[in-house]
Amino acid sequence: MAKEQRTFAESPFNPVDSLVFATLAYLNYETAPCMPASPDGSVLLHDVVMLSDWKALTASSWMEDAKDTRAFLHVLSASRRMRDVRVSFYANEVSEAVEKQFSAVTLAFPTADGETAYLAFRGTDGSFAGWKEDFNLCFKSVIPSQRAATAYASGVASAFGGPLVLGGHSKGGNLAEYAALTVDEGAFSRLAGVYNHDGPSFLDDPSPRIDDARFAALLHKTVPESSAFGMILERRADYRVVVSSALSVFQHEPFTWQTDGDDFLYQDALNPSAVFFDEALDTWLRSKTPEERERFIDAIYELFAATEANSWAEFQEQLFANTRVMLGKGTKLDAETKSFIWQTLGSLGGILKNETIKRFKPAPPTWLPRRRNRYGQGKGNGA
């Protein structure tokens, strides 16, 4: 983004633009003094960045501690490409009671043919409600934020007459996909793209549209080379693997994704460690009933709640003390639930051990024909 100064009229919208817009969904627009009183009013993104306190603008998200956040905001404020982007329809809803964390913003940008609106859905923030809702994806067909995403997309579509692009990072990518799959046909017909940047897939297909060739043509799913979160529940092979400058789970941060001109720098397949983790996690999820997954996640959430921290940031401030509270004798969980947690974790450990053994088995004879799996890697005939 720092080098790209052409306008959208001069150079069309691209996947790197999408990741930039998805990152902008994490900003706390309510802290900007220039935001309009009405949701359908708009303000220049440039003014939001220049007139706001940057600490308040990025608080309670991964951007708060990312080393490149200030550089990112500086580039935004000086970018010719981003100077005419307008912000509107900001929504931010968090409810501990219904385990919901939803936020979205519409970013409209001028093109050679008029104006396009990018609906950016926010990924998980630092709240426990956001964390809990993410893991609810493992046993619930629909979560509150997914319903909110569909309603949001429908509302913006009724108020904005031009082409629409849906996108997001992390859980926001899942919400963008879900909204595209479930909006009415009128809104769907106006979609110019759907971008899921390292977001999980679905427990059940949200609608028959997921097998529609029109949706396949719109969808752009990208994951970093060691992706973990973005591969959860993923059964399709229509994603692309982006090279990252970070290691392991830290590749989830958008600032680490490497670019090549107006696109990302790609590689052919996920790293072996990501394939290993994904196969182990999928095996574990399939070994548990939805009820068992729900019980396990609820029990872990209760342990975090026992620490009286309200967010990941607060939990980490007193990491050792809070860990002692979670694992100590003073927890309110009954003996049966504690036993269930340890048994469940033990089963995951057993699966990880089995996957490790499989990885170190001798390679199959070279004369066996090879086939491709969903990670773009070869498997022997007897695998």
# chains A, B, ... in the order shown; residues from 1 in each chain; ligands from 1

$ select_by_dssp --residues "range 43-197 of chain A" --states "strand (DSSP E or B)" --output "ChimeraX atom specification"
/A:43-44,86-95,100-111,114-121,127,164-169,191-197

$ select_by_dssp --residues "range 15-163 of chain A" --states "alpha helix (DSSP H)" --output "ChimeraX atom specification"
/A:15-24,45-51,54-58,69-78,128-136,144-159

$ write_last_selection --atoms "C-alpha atoms" --output "CSV table (one decimal), in the first residue's frame"
chain,number,residue,atom,x,y,z
A,15,PRO,CA,-6.8,-8.7,-3.3
A,16,VAL,CA,-4.3,-6.6,-1.4
A,17,ASP,CA,-6.8,-3.7,-1.3
A,18,SER,CA,-9.3,-6.2,0.2
A,19,LEU,CA,-6.9,-7.1,3.1
A,20,VAL,CA,-6.3,-3.4,3.7
A,21,PHE,CA,-10.1,-2.7,3.9
A,22,ALA,CA,-10.6,-5.8,6.1
A,23,THR,CA,-8.0,-4.4,8.5
A,24,LEU,CA,-9.8,-1.1,8.6
A,45,LEU,CA,-11.4,7.8,5.8
A,46,HIS,CA,-8.6,10.3,5.7
A,47,ASP,CA,-10.4,12.6,8.2
A,48,VAL,CA,-11.1,9.6,10.5
A,49,VAL,CA,-7.4,8.8,10.6
A,50,MET,CA,-6.1,12.3,10.9
A,51,LEU,CA,-8.5,13.6,13.5
A,54,TRP,CA,-4.7,6.5,17.3
A,55,LYS,CA,-4.5,4.7,20.6
A,56,ALA,CA,-8.2,4.9,21.0
A,57,LEU,CA,-8.8,4.1,17.3
A,58,THR,CA,-6.9,0.8,17.6
A,69,THR,CA,0.2,-0.2,13.2
A,70,ARG,CA,1.5,3.4,13.3
A,71,ALA,CA,3.2,3.0,9.9
A,72,PHE,CA,0.0,1.6,8.5
A,73,LEU,CA,-2.0,4.6,9.7
A,74,HIS,CA,0.7,7.0,8.4
A,75,VAL,CA,0.5,5.5,5.0
A,76,LEU,CA,-3.3,5.7,5.1
A,77,SER,CA,-3.2,9.4,5.8
A,78,ALA,CA,-0.8,10.0,2.9
A,128,PHE,CA,-14.2,-13.1,25.8
A,129,ALA,CA,-17.5,-12.8,24.1
A,130,GLY,CA,-15.8,-12.6,20.7
A,131,TRP,CA,-13.5,-15.6,21.6
A,132,LYS,CA,-16.5,-17.7,22.7
A,133,GLU,CA,-18.5,-16.9,19.6
A,134,ASP,CA,-15.6,-18.0,17.4
A,135,PHE,CA,-15.4,-21.4,19.1
A,136,ASN,CA,-19.2,-21.7,19.0
A,144,PRO,CA,-25.5,-14.4,16.2
A,145,SER,CA,-22.9,-12.5,14.3
A,146,GLN,CA,-23.6,-14.5,11.1
A,147,ARG,CA,-27.3,-13.5,11.3
A,148,ALA,CA,-26.2,-9.9,11.9
A,149,ALA,CA,-23.9,-10.0,8.9
A,150,THR,CA,-26.8,-11.0,6.6
A,151,ALA,CA,-29.0,-8.3,8.0
A,152,TYR,CA,-26.1,-5.7,7.6
A,153,ALA,CA,-25.4,-6.7,4.0
A,154,SER,CA,-29.1,-6.5,3.2
A,155,GLY,CA,-29.5,-3.1,4.8
A,156,VAL,CA,-26.5,-1.6,3.0
A,157,ALA,CA,-27.6,-3.1,-0.3
A,158,SER,CA,-31.0,-1.3,0.0
A,159,ALA,CA,-29.3,2.0,0.7

$ atom_distance --atom1 "CA of Phe121 in chain A" --atom2 "CA of Val43 in chain A"
18.4 Å

$ atom_distance --atom1 "CA of Asn14 in chain A" --atom2 "CA of Asp260 in chain A"
11.6 Å

$ closest_atom_pairs --of "range 240-296 of chain A" --to "range 180-202 of chain A" --cutoff "12 Å" --atoms "only C-alpha atoms" --output "CSV"
residue,atom,partner,partner_atom,distance
A:Arg240,CA,A:His197,CA,9.9
A:Val241,CA,A:Asp198,CA,9.7
A:Val242,CA,A:Asp198,CA,9.9
A:Val249,CA,A:Asp198,CA,11.3
A:Gln251,CA,A:Asp198,CA,9.7
A:His252,CA,A:Asp198,CA,7.0
A:Glu253,CA,A:Asp198,CA,9.5
A:Pro254,CA,A:His197,CA,8.6
A:Trp257,CA,A:His197,CA,10.5
A:Phe264,CA,A:His197,CA,11.7
A:Asp278,CA,A:Pro200,CA,11.5

$ atom_distance --atom1 "CA of Arg6 in chain A" --atom2 "CA of Val85 in chain A"
13.2 Å

$ closest_residue --among "A:Tyr26, A:Phe215, A:Tyr266, A:Phe109" --to "Ser170 in chain A" --atoms "only C-alpha atoms"
A:Tyr26
